[in-house]
$ cat query.txt   # compact mmCIF, C-alpha atoms
# COMPACT_ATOMS: atom_id res chain seq x y z
CA MET A 40 98.81 28.61 116.94
CA PRO A 41 102.22 29.52 115.51
CA VAL A 42 103.43 27.73 112.42
CA ALA A 43 105.72 24.72 112.69
CA ALA A 44 108.57 24.64 110.20
CA GLU A 45 112.19 23.65 109.82
CA SER A 46 113.02 27.35 109.56
CA ILE A 47 110.80 30.36 110.13
CA LEU A 48 112.27 31.87 106.97
CA GLU A 49 110.52 29.20 104.89
CA VAL A 50 107.07 30.35 105.96
CA ASP A 51 107.53 34.04 106.70
CA THR A 52 105.43 35.74 104.04
CA LEU A 53 105.08 38.86 106.20
CA GLY A 54 108.65 40.15 105.98
CA ALA A 55 108.84 39.94 109.76
CA PHE A 56 112.14 38.06 110.10
CA CYS A 57 115.71 38.96 109.16
CA ARG A 58 117.41 36.84 106.53
CA HIS A 59 120.71 38.64 107.09
CA THR A 60 121.04 37.86 110.83
CA HIS A 61 119.12 34.59 111.13
CA VAL A 62 119.78 32.51 114.24
CA GLU A 63 117.91 29.83 116.16
CA ILE A 64 118.33 28.63 119.76
CA ALA A 65 116.65 25.61 121.31
CA GLY A 66 114.80 26.19 124.56
CA ALA A 67 115.51 24.38 127.81
CA ALA A 68 113.80 21.03 128.33
CA SER A 69 111.71 22.31 131.22
CA GLY A 70 110.27 25.60 132.42
CA PRO A 71 107.12 27.71 132.22
CA LEU A 72 107.61 28.50 128.51
CA VAL A 73 108.40 25.00 127.18
CA GLY A 74 107.13 24.56 123.64
CA MET A 75 106.80 28.31 123.02
CA ARG A 76 108.45 29.86 119.94
CA PHE A 77 109.59 33.47 119.89
CA GLY A 78 111.30 36.06 117.73
CA VAL A 79 114.00 38.45 118.92
CA LYS A 80 114.26 42.04 117.74
CA ASP A 81 117.51 42.59 115.88
CA LEU A 82 119.14 44.76 118.51
CA TYR A 83 119.59 41.97 121.07
CA HIS A 84 122.94 40.20 120.86
CA ILE A 85 123.25 36.44 120.54
CA THR A 86 126.68 34.91 121.02
CA GLY A 87 128.59 34.26 117.81
CA THR A 88 126.21 36.27 115.60
CA ARG A 89 125.99 39.88 114.53
CA SER A 90 123.10 42.25 115.23
CA GLY A 91 121.95 44.41 112.33
CA PHE A 92 120.08 47.18 114.19
CA GLY A 93 117.94 47.75 111.10
CA HIS A 94 120.80 48.94 108.88
CA PRO A 95 123.17 47.05 106.54
CA VAL A 96 126.10 49.35 107.31
CA TRP A 97 125.71 48.70 111.03
CA LEU A 98 125.79 44.97 110.28
CA GLN A 99 128.93 45.35 108.16
CA THR A 100 130.83 47.44 110.72
CA HIS A 101 130.21 45.47 113.92
CA GLU A 102 131.68 42.18 115.09
CA ALA A 103 129.86 39.08 116.22
CA ALA A 104 128.59 39.24 119.81
CA LYS A 105 130.59 37.63 122.61
CA VAL A 106 127.58 37.41 124.93
CA THR A 107 123.85 36.78 124.63
CA ALA A 108 121.46 39.37 126.02
CA THR A 109 120.09 38.51 129.45
CA ALA A 110 116.50 38.97 128.27
CA VAL A 111 117.05 36.27 125.64
CA THR A 112 118.85 33.87 128.01
CA ARG A 113 116.05 34.14 130.59
CA LEU A 114 113.43 33.19 128.01
CA VAL A 115 115.48 30.32 126.60
CA ALA A 116 116.20 29.02 130.11
CA ALA A 117 112.44 29.02 130.72
CA GLY A 118 111.97 26.64 127.78
CA ALA A 119 111.17 29.01 124.88
CA ARG A 120 112.84 28.52 121.50
CA VAL A 121 114.32 31.38 119.48
CA VAL A 122 113.20 30.91 115.87
CA GLY A 123 114.87 34.00 114.42
CA LYS A 124 115.71 37.70 114.57
CA THR A 125 112.93 40.18 113.71
CA GLN A 126 113.09 43.30 111.57
CA CYS A 127 113.29 46.80 113.05
CA ASP A 128 113.47 50.35 111.76
CA GLU A 129 116.87 51.86 110.92
CA LEU A 130 118.72 52.22 114.25
CA CYS A 131 115.20 52.00 115.75
CA TYR A 132 114.64 55.75 115.29
CA SER A 133 111.05 55.52 114.07
CA LEU A 134 107.54 54.53 115.11
CA ASN A 135 106.46 53.50 111.62
CA GLY A 136 107.95 50.10 110.78
CA ILE A 137 109.13 51.26 107.35
CA ASN A 138 112.72 50.30 106.60
CA LYS A 139 114.36 51.67 103.44
CA HIS A 140 116.74 48.72 103.26
CA TYR A 141 114.63 45.77 104.40
CA GLY A 142 111.04 46.72 103.67
CA THR A 143 107.85 47.03 105.72
CA PRO A 144 106.49 43.98 107.58
CA VAL A 145 102.86 43.17 106.83
CA ASN A 146 100.22 44.21 109.35
CA VAL A 147 97.73 41.34 109.01
CA ASN A 148 95.11 43.04 111.18
CA ALA A 149 95.21 46.32 109.25
CA PRO A 150 95.91 45.45 105.61
CA GLY A 151 97.55 48.21 103.61
CA ARG A 152 98.65 50.01 106.76
CA ILE A 153 101.97 50.28 108.54
CA PRO A 154 102.74 47.86 111.39
CA GLY A 155 104.32 50.49 113.62
CA GLY A 156 107.90 50.46 114.83
CA SER A 157 110.52 50.16 115.67
CA SER A 158 109.68 46.61 116.84
CA SER A 159 107.85 46.05 113.56
CA GLY A 160 108.90 42.49 112.81
CA SER A 161 108.20 41.27 116.33
CA ALA A 162 104.66 42.68 116.29
CA ALA A 163 103.95 41.46 112.75
CA ALA A 164 105.16 37.95 113.62
CA VAL A 165 102.88 37.73 116.67
CA ALA A 166 99.85 39.21 114.90
CA GLY A 167 100.41 36.87 111.96
CA GLY A 168 100.69 33.75 114.11
CA LEU A 169 104.30 32.99 113.17
CA VAL A 170 105.33 32.80 116.83
CA ASP A 171 103.72 32.55 120.25
CA PHE A 172 105.34 35.75 121.49
CA ALA A 173 108.15 38.10 120.53
CA LEU A 174 110.75 40.26 122.20
CA GLY A 175 110.93 43.92 121.24
CA SER A 176 112.26 47.09 122.83
CA ASP A 177 110.67 50.42 123.66
CA THR A 178 112.35 53.81 123.96
CA GLY A 179 109.75 56.23 122.60
CA GLY A 180 106.94 53.77 121.93
CA SER A 181 108.48 50.98 119.88
CA VAL A 182 106.45 48.23 121.56
CA ARG A 183 103.32 50.19 122.42
CA VAL A 184 102.74 51.64 118.94
CA PRO A 185 103.02 48.36 116.99
CA ALA A 186 100.86 46.63 119.61
CA SER A 187 98.14 49.22 119.04
CA TYR A 188 98.42 49.23 115.26
CA CYS A 189 98.56 45.42 114.94
CA GLY A 190 95.80 44.71 117.45
CA ILE A 191 97.87 42.66 119.92
CA LEU A 192 99.04 42.92 123.51
CA GLY A 193 102.23 44.83 124.20
CA MET A 194 104.08 45.39 127.49
CA ARG A 195 106.67 48.03 128.33
CA PRO A 196 107.95 47.23 131.85
CA THR A 197 109.27 49.57 134.53
CA TRP A 198 112.50 51.14 133.32
CA GLY A 199 115.39 49.04 134.64
CA ALA A 200 113.18 46.15 135.82
CA VAL A 201 114.35 43.85 133.00
CA PRO A 202 118.09 43.87 132.21
CA LEU A 203 119.14 45.41 128.90
CA ASP A 204 122.71 44.18 128.92
CA GLY A 205 123.57 42.59 125.61
CA ALA A 206 121.31 44.98 123.71
CA ILE A 207 122.36 47.94 121.57
CA PRO A 208 121.73 51.19 123.48
CA PHE A 209 119.77 54.04 121.94
CA ALA A 210 118.55 56.65 124.46
CA PRO A 211 119.62 54.96 127.70
CA SER A 212 117.41 56.82 130.19
CA TYR A 213 114.32 55.68 128.23
CA ASP A 214 115.42 52.31 126.78
CA THR A 215 113.45 49.27 127.98
CA PRO A 216 112.82 45.76 126.72
CA GLY A 217 109.24 44.85 125.81
CA TRP A 218 107.22 41.94 124.55
CA PHE A 219 104.14 41.02 122.51
CA ALA A 220 101.55 38.25 122.67
CA THR A 221 97.95 37.63 121.68
CA GLU A 222 97.01 35.79 124.88
CA PRO A 223 97.11 37.67 128.20
CA ALA A 224 98.13 34.57 130.17
CA LEU A 225 101.19 34.18 127.95
CA LEU A 226 101.96 37.90 128.19
CA GLU A 227 102.03 37.46 131.96
CA SER A 228 104.08 34.24 131.84
CA VAL A 229 106.71 35.89 129.65
CA GLY A 230 106.71 38.91 131.95
CA ARG A 231 107.19 36.80 135.06
CA VAL A 232 110.25 35.21 133.45
CA LEU A 233 111.76 38.49 132.23
CA LEU A 234 111.03 40.30 135.49
CA ALA A 235 112.19 37.29 137.54
CA ASP A 236 109.14 37.96 139.72
CA ALA A 237 106.87 35.19 140.99
CA ALA A 238 105.34 37.19 143.86
CA ALA A 239 101.63 37.91 144.11
CA ALA A 240 100.66 41.16 142.42
CA ALA A 241 99.20 44.12 144.27
CA ALA A 242 95.47 44.76 144.02
CA PRO A 243 94.70 47.77 141.81
CA GLY A 244 93.45 51.01 143.31
CA ALA A 245 91.29 53.56 141.55
CA LEU A 246 91.23 53.94 137.78
CA LEU A 247 92.29 57.41 136.61
CA VAL A 248 90.98 58.42 133.19
CA ALA A 249 93.11 61.19 131.70
CA ASP A 250 90.58 63.40 129.90
CA ASP A 251 93.25 65.46 128.15
CA ALA A 252 94.98 62.32 126.86
CA PHE A 253 91.72 61.06 125.35
CA ALA A 254 91.07 64.51 123.87
CA HIS A 255 94.45 64.14 122.15
CA ALA A 256 93.10 61.21 120.10
CA ASP A 257 91.06 61.37 116.91
CA PRO A 258 87.32 61.77 117.65
CA ALA A 259 86.37 58.29 116.37
CA ALA A 260 89.24 56.70 118.27
CA ARG A 261 88.34 58.59 121.43
CA ALA A 262 84.73 57.40 121.29
CA ALA A 263 85.73 53.78 120.73
CA LEU A 264 88.37 53.82 123.47
CA LEU A 265 86.11 55.46 126.06
CA ALA A 266 83.41 52.90 125.29
CA ALA A 267 85.97 50.15 125.88
CA LEU A 268 86.92 51.72 129.20
CA ASP A 269 83.29 51.64 130.31
CA GLY A 270 83.43 47.88 129.99
CA ILE A 271 86.36 47.45 132.36
CA ARG A 272 85.61 49.96 135.13
CA ALA A 273 84.18 47.16 137.27
CA LEU A 274 87.71 45.81 137.76
CA PHE A 275 88.56 48.85 139.88
CA PRO A 276 87.20 49.98 143.26
CA ALA A 277 86.63 53.51 141.91
CA ALA A 278 87.17 55.60 138.79
CA ASP A 279 88.04 59.30 138.50
CA ASN A 280 88.51 61.65 135.58
CA ILE A 281 91.59 63.86 135.71
CA THR A 282 93.54 66.40 133.68
CA LEU A 283 96.99 64.88 133.44
CA VAL A 284 99.01 67.79 131.99
CA PRO A 285 97.53 71.19 132.89
CA ALA A 286 100.14 72.95 130.73
CA GLY A 287 99.21 70.84 127.68
CA ILE A 288 100.46 67.46 126.49
CA ASP A 289 102.70 69.00 123.83
CA ALA A 290 104.89 70.50 126.56
CA TRP A 291 105.79 67.04 127.83
CA MET A 292 106.23 65.79 124.27
CA ASN A 293 108.70 68.54 123.37
CA ASP A 294 110.83 67.79 126.42
CA PHE A 295 110.82 64.11 125.53
CA ARG A 296 111.99 64.76 121.97
CA VAL A 297 114.86 66.95 123.18
CA ILE A 298 116.09 64.54 125.88
CA GLN A 299 115.71 61.48 123.67
CA GLY A 300 117.32 63.14 120.66
CA SER A 301 120.23 64.37 122.75
CA GLU A 302 120.88 60.91 124.21
CA ILE A 303 120.61 59.25 120.80
CA TRP A 304 123.13 61.65 119.29
CA VAL A 305 125.60 61.24 122.16
CA THR A 306 125.28 57.46 121.88
CA HIS A 307 125.68 57.13 118.10
CA ARG A 308 127.21 60.36 116.73
CA GLU A 309 130.70 58.88 116.30
CA TRP A 310 129.44 56.01 114.13
CA ILE A 311 127.15 58.26 112.08
CA ALA A 312 129.73 61.02 111.62
CA SER A 313 132.49 58.63 110.57
CA LEU A 314 130.44 56.57 108.08
CA SER A 315 127.62 58.87 106.89
CA PRO A 316 125.24 55.91 106.46
CA ASP A 317 122.22 56.25 104.18
CA PHE A 318 118.96 56.67 106.11
CA GLY A 319 115.40 56.67 104.85
CA ALA A 320 113.21 59.76 104.71
CA GLY A 321 112.16 60.97 108.14
CA ILE A 322 114.92 59.09 109.95
CA LYS A 323 117.64 61.02 108.13
CA GLU A 324 116.11 64.35 109.11
CA ARG A 325 115.64 63.18 112.68
CA PHE A 326 119.35 62.44 113.10
CA VAL A 327 120.26 65.81 111.57
CA TRP A 328 117.94 67.55 114.03
CA ALA A 329 119.29 65.53 116.97
CA SER A 330 122.82 66.73 116.12
CA THR A 331 121.70 70.35 116.71
CA ILE A 332 120.40 69.89 120.28
CA THR A 333 122.53 71.87 122.72
CA GLU A 334 123.64 70.68 126.13
CA ALA A 335 121.74 73.60 127.67
CA ALA A 336 118.49 72.62 125.95
CA ALA A 337 118.87 68.99 127.04
CA ALA A 338 119.66 70.02 130.62
CA ALA A 339 116.62 72.32 130.79
CA ALA A 340 114.32 69.59 129.48
CA SER A 341 115.81 67.09 131.92
CA ALA A 342 115.14 69.46 134.81
CA ARG A 343 111.49 69.71 133.77
CA ARG A 344 111.37 65.92 133.53
CA VAL A 345 111.99 65.74 137.29
CA ALA A 346 108.74 67.62 137.90
CA ILE A 347 106.88 65.45 135.37
CA ARG A 348 108.07 62.34 137.14
CA ALA A 349 107.02 63.73 140.53
CA ARG A 350 103.52 64.51 139.26
CA LEU A 351 103.04 61.02 137.90
CA ASP A 352 104.42 59.43 141.05
CA ALA A 353 101.90 61.34 143.16
CA LEU A 354 98.99 60.45 140.88
CA LEU A 355 99.81 56.74 140.96
CA GLU A 356 100.17 56.36 144.72
CA GLY A 357 97.94 53.76 146.32
CA ASN A 358 98.24 51.40 143.34
CA ARG A 359 96.14 53.70 141.17
CA VAL A 360 96.04 52.89 137.45
CA LEU A 361 96.12 55.51 134.70
CA ALA A 362 94.18 54.97 131.45
CA ILE A 363 95.19 56.71 128.21
CA PRO A 364 94.97 55.92 124.49
CA THR A 365 98.06 54.05 123.33
CA THR A 366 98.09 55.98 120.06
CA PRO A 367 95.98 58.90 118.76
CA GLY A 368 94.33 56.68 116.16
CA VAL A 369 94.64 53.59 114.00
CA ALA A 370 97.67 52.71 111.88
CA PRO A 371 98.32 55.21 109.07
CA PRO A 372 98.16 53.84 105.52
CA ILE A 373 101.29 52.74 103.72
CA GLY A 374 102.28 55.55 101.40
CA MET A 375 101.31 58.43 103.66
CA ALA A 376 103.50 61.44 102.91
CA VAL A 377 106.65 61.74 105.00
CA GLY A 378 105.62 65.11 106.42
CA GLU A 379 102.24 63.78 107.51
CA LEU A 380 103.86 60.75 109.13
CA GLU A 381 106.22 63.04 111.02
CA ARG A 382 103.35 65.16 112.33
CA TRP A 383 101.51 62.00 113.34
CA ARG A 384 104.64 60.71 115.09
CA ASN A 385 104.92 63.87 117.18
CA ARG A 386 101.26 63.67 118.07
CA ALA A 387 101.70 60.06 119.16
CA LEU A 388 104.73 61.02 121.26
CA GLY A 389 102.43 63.27 123.31
CA LEU A 390 100.81 60.10 124.64
CA LEU A 391 103.87 57.85 124.59
CA CYS A 392 106.14 60.20 126.53
CA ILE A 393 103.93 59.92 129.63
CA GLY A 394 105.18 56.47 130.57
CA GLY A 395 108.64 57.12 129.16
CA HIS A 396 109.41 60.24 131.21
CA ALA A 397 108.69 58.48 134.51
CA GLY A 398 109.86 54.98 133.59
CA LEU A 399 106.41 53.55 134.26
CA PRO A 400 105.14 50.10 133.34
CA GLN A 401 102.53 50.27 130.60
CA VAL A 402 100.42 47.60 128.91
CA SER A 403 98.63 48.22 125.62
CA LEU A 404 95.36 46.31 125.30
CA PRO A 405 93.62 45.78 121.93
CA LEU A 406 90.19 46.66 123.28
CA ALA A 407 88.78 48.84 120.51
CA ARG A 408 88.30 49.13 116.77
CA VAL A 409 87.62 52.05 114.43
CA ASP A 410 86.19 51.15 111.03
CA GLY A 411 87.33 47.58 111.64
CA LEU A 412 90.93 48.60 112.46
CA PRO A 413 92.49 47.94 115.87
CA ILE A 414 93.57 50.54 118.40
CA GLY A 415 94.88 50.05 121.91
CA VAL A 416 93.95 51.32 125.35
CA SER A 417 96.91 51.68 127.70
CA LEU A 418 97.00 51.13 131.43
CA LEU A 419 99.95 52.57 133.39
CA ALA A 420 100.94 52.02 137.00
CA ALA A 421 103.58 53.10 139.47
CA ARG A 422 107.10 51.81 138.96
CA GLY A 423 107.35 48.22 140.14
CA ASN A 424 103.67 47.45 139.61
CA ASP A 425 104.32 45.52 136.40
CA THR A 426 102.70 42.27 137.54
CA MET A 427 99.58 44.15 138.63
CA LEU A 428 99.12 45.30 135.03
CA LEU A 429 99.82 41.82 133.68
CA GLU A 430 97.20 40.31 136.01
CA LEU A 431 94.71 43.00 134.98
CA ALA A 432 95.22 41.97 131.36
CA CYS A 433 94.38 38.40 132.34
CA LYS A 434 91.20 39.54 134.09
CA LEU A 435 90.23 41.31 130.88
CA ARG A 436 90.57 38.12 128.82
CA GLU A 437 86.98 37.93 127.61
CA HIS A 438 86.85 41.64 126.76
CA LEU A 439 90.06 41.18 124.75
CA ARG A 440 88.78 38.13 122.88
CA ARG A 441 85.62 39.92 121.85
CA ALA A 442 87.56 43.00 120.73
CA MET A 443 90.13 40.98 118.77
CA ALA A 444 87.37 39.01 117.08
CA GLY A 445 86.09 42.31 115.71
$ encode --input "query.txt" --output "structure tokens"
Amino acid sequence: MPVAAESILEVDTLGAFCRHTHVEIAGAASGPLVGMRFGVKDLYHITGTRSGFGHPVWLQTHEAAKVTATAVTRLVAAGARVVGKTQCDELCYSLNGINKHYGTPVNVNAPGRIPGGSSSGSAAAVAGGLVDFALGSDTGGSVRVPASYCGILGMRPTWGAVPLDGAIPFAPSYDTPGWFATEPALLESVGRVLLADAAAAAAPGALLVADDAFAHADPAARAALLAALDGIRALFPAADNITLVPAGIDAWMNDFRVIQGSEIWVTHREWIASLSPDFGAGIKERFVWASTITEAAAAAASARRVAIRARLDALLEGNRVLAIPTTPGVAPPIGMAVGELERWRNRALGLLCIGGHAGLPQVSLPLARVDGLPIGVSLLAARGNDTMLLELACKLREHLRRAMAG
């Protein structure tokens, strides 16, 4: 159960919450989430307060919000209480959870290892029992990665299914909200509120196991994840092994990096160019690289994205569900060299870009462990089949409890 305290800041020993943008909002007196406490990633606006976006210069140069993000208002109207803003990476341009200015939230389920980012504080708060659930966001993997590394449930919905008004944009054609929980029933309840969808979910079709995606993972991770899949095949009427990307996963990853980087630079170049803010290692180089992407390169990658999307749409017809590793392995240790972390990030993007390119719903399930450390299996479905994935997570409850117990 989450802690009860006058202020979450009094009990947050994990570095999950922001002291510089702290805000609380009482939940409505009735609704499906009454009594639930949640944290909000510090890129969602709340009326009368400023959003820090993981960087002190951003905080200093932006005014207080005039509106509250729709995602937040839906949760509050359903009875949930905002207990604070959660830490994120600098401008959210990282999958690590390491922030030069505000530190690295503690990953309680993988001590001495990074929590993943950029929704690092939200994931750390849920894993550490500070809140019942937390709101994050996911552009390149910022919910899915910390869910896998921290051994909790994470949901990235269909692109556009949950409003992102009142949130700071990053790479708009990939940006989505996302949320974390440790209990599948709560993950679904939060999703029903955010999606504004109370309809019965579709029944799943065949399970598709992407052999090339599993080959992309570390050998120990691959073995553990495939063993976990064996335990859930009975939930599906059939299971088939496929090769997802005949040309090689790195081809899709490279297109993702170019499109995302181009959109990020277009969105934030004016602020960066005018203020030259100080970024941490890895993030600084990423912005420099993004500034070099040409319009022609972005257009060519976007054209290839159309074909990627069409392939995934065809594969997922008939309510089929795609299984892939969420990440190539467990959370890297704190202190890993910047160059190694960057290579690991690109490898992870080979898996993460699959859902991102096509705007697919994806749930990361903490079904496996390697040397006692958590790693997630992801299930993806056709756009609009979000509740089908959330119900599948509920059907996997006992598998999840056993896996999370170690």
$ atom_distance --input "query.txt" --atom1 "atom CA of Val360 of chain A" --atom2 "atom CA of Met194 of chain A"
14.8 Å
$ atom_distance --input "query.txt" --atom1 "atom CA of Ile47 of chain A" --atom2 "atom CA of Cys127 of chain A"
16.9 Å
$ closest_residue --input "query.txt" --among "A:Ala245, A:Val229, A:Ile298, A:Leu380" --to "Asn135 of chain A" --atoms "only C-alpha atoms"
A:Leu380
$ residues_around --input "query.txt" --residues "Asp294 of chain A" --least-positions-apart "4" --cutoff "8 Å" --atoms "all atoms listed in the file" --output "MDAnalysis selection string"
chainID A and resid 290 298 340:341 343:344
$ residues_around --input "query.txt" --residues "Ser46 of chain A" --least-positions-apart "6" --cutoff "10 Å" --atoms "all atoms listed in the file" --output "list in words"
His61, Val62, Glu63, Val122 and Gly123 of chain A
$ closest_atom_pairs --input "query.txt" --of "segment 170-268 of chain A" --to "segment 75-90 of chain A" --cutoff "8 Å" --atoms "all atoms listed in the file" --output "tab-separated table"
residue	atom	partner	partner_atom	distance
A:Val170	CA	A:Phe77	CA	5.3
A:Asp171	CA	A:Arg76	CA	5.5
A:Phe172	CA	A:Phe77	CA	5.1
A:Ala173	CA	A:Gly78	CA	4.7
A:Leu174	CA	A:Val79	CA	5.0
A:Gly175	CA	A:Lys80	CA	5.2
A:Ser176	CA	A:Lys80	CA	7.4
A:Gly205	CA	A:His84	CA	5.4
A:Ala206	CA	A:Tyr83	CA	4.4
A:Ile207	CA	A:Leu82	CA	5.5
$ atom_distance --input "query.txt" --atom1 "atom CA of Thr100 of chain A" --atom2 "atom CA of Thr331 of chain A"
25.4 Å
$ residues_around --input "query.txt" --residues "Met443 of chain A" --least-positions-apart "4" --cutoff "7 Å" --atoms "all atoms listed in the file" --output "count of residues only"
3
$ closest_residue --input "query.txt" --among "A:Leu264, A:Leu225, A:Cys189, A:Asn293" --to "Cys433 of chain A" --atoms "all atoms listed in the file"
A:Leu225
$ residues_near_point --input "query.txt" --point "(101.9, 49.5, 122.2)" --cutoff "10 Å" --atoms "all atoms listed in the file" --output "PyMOL selection string"
chain A and resi 155-156+158+162+177+180-195+217-219+364-366+391+401-405+414-417
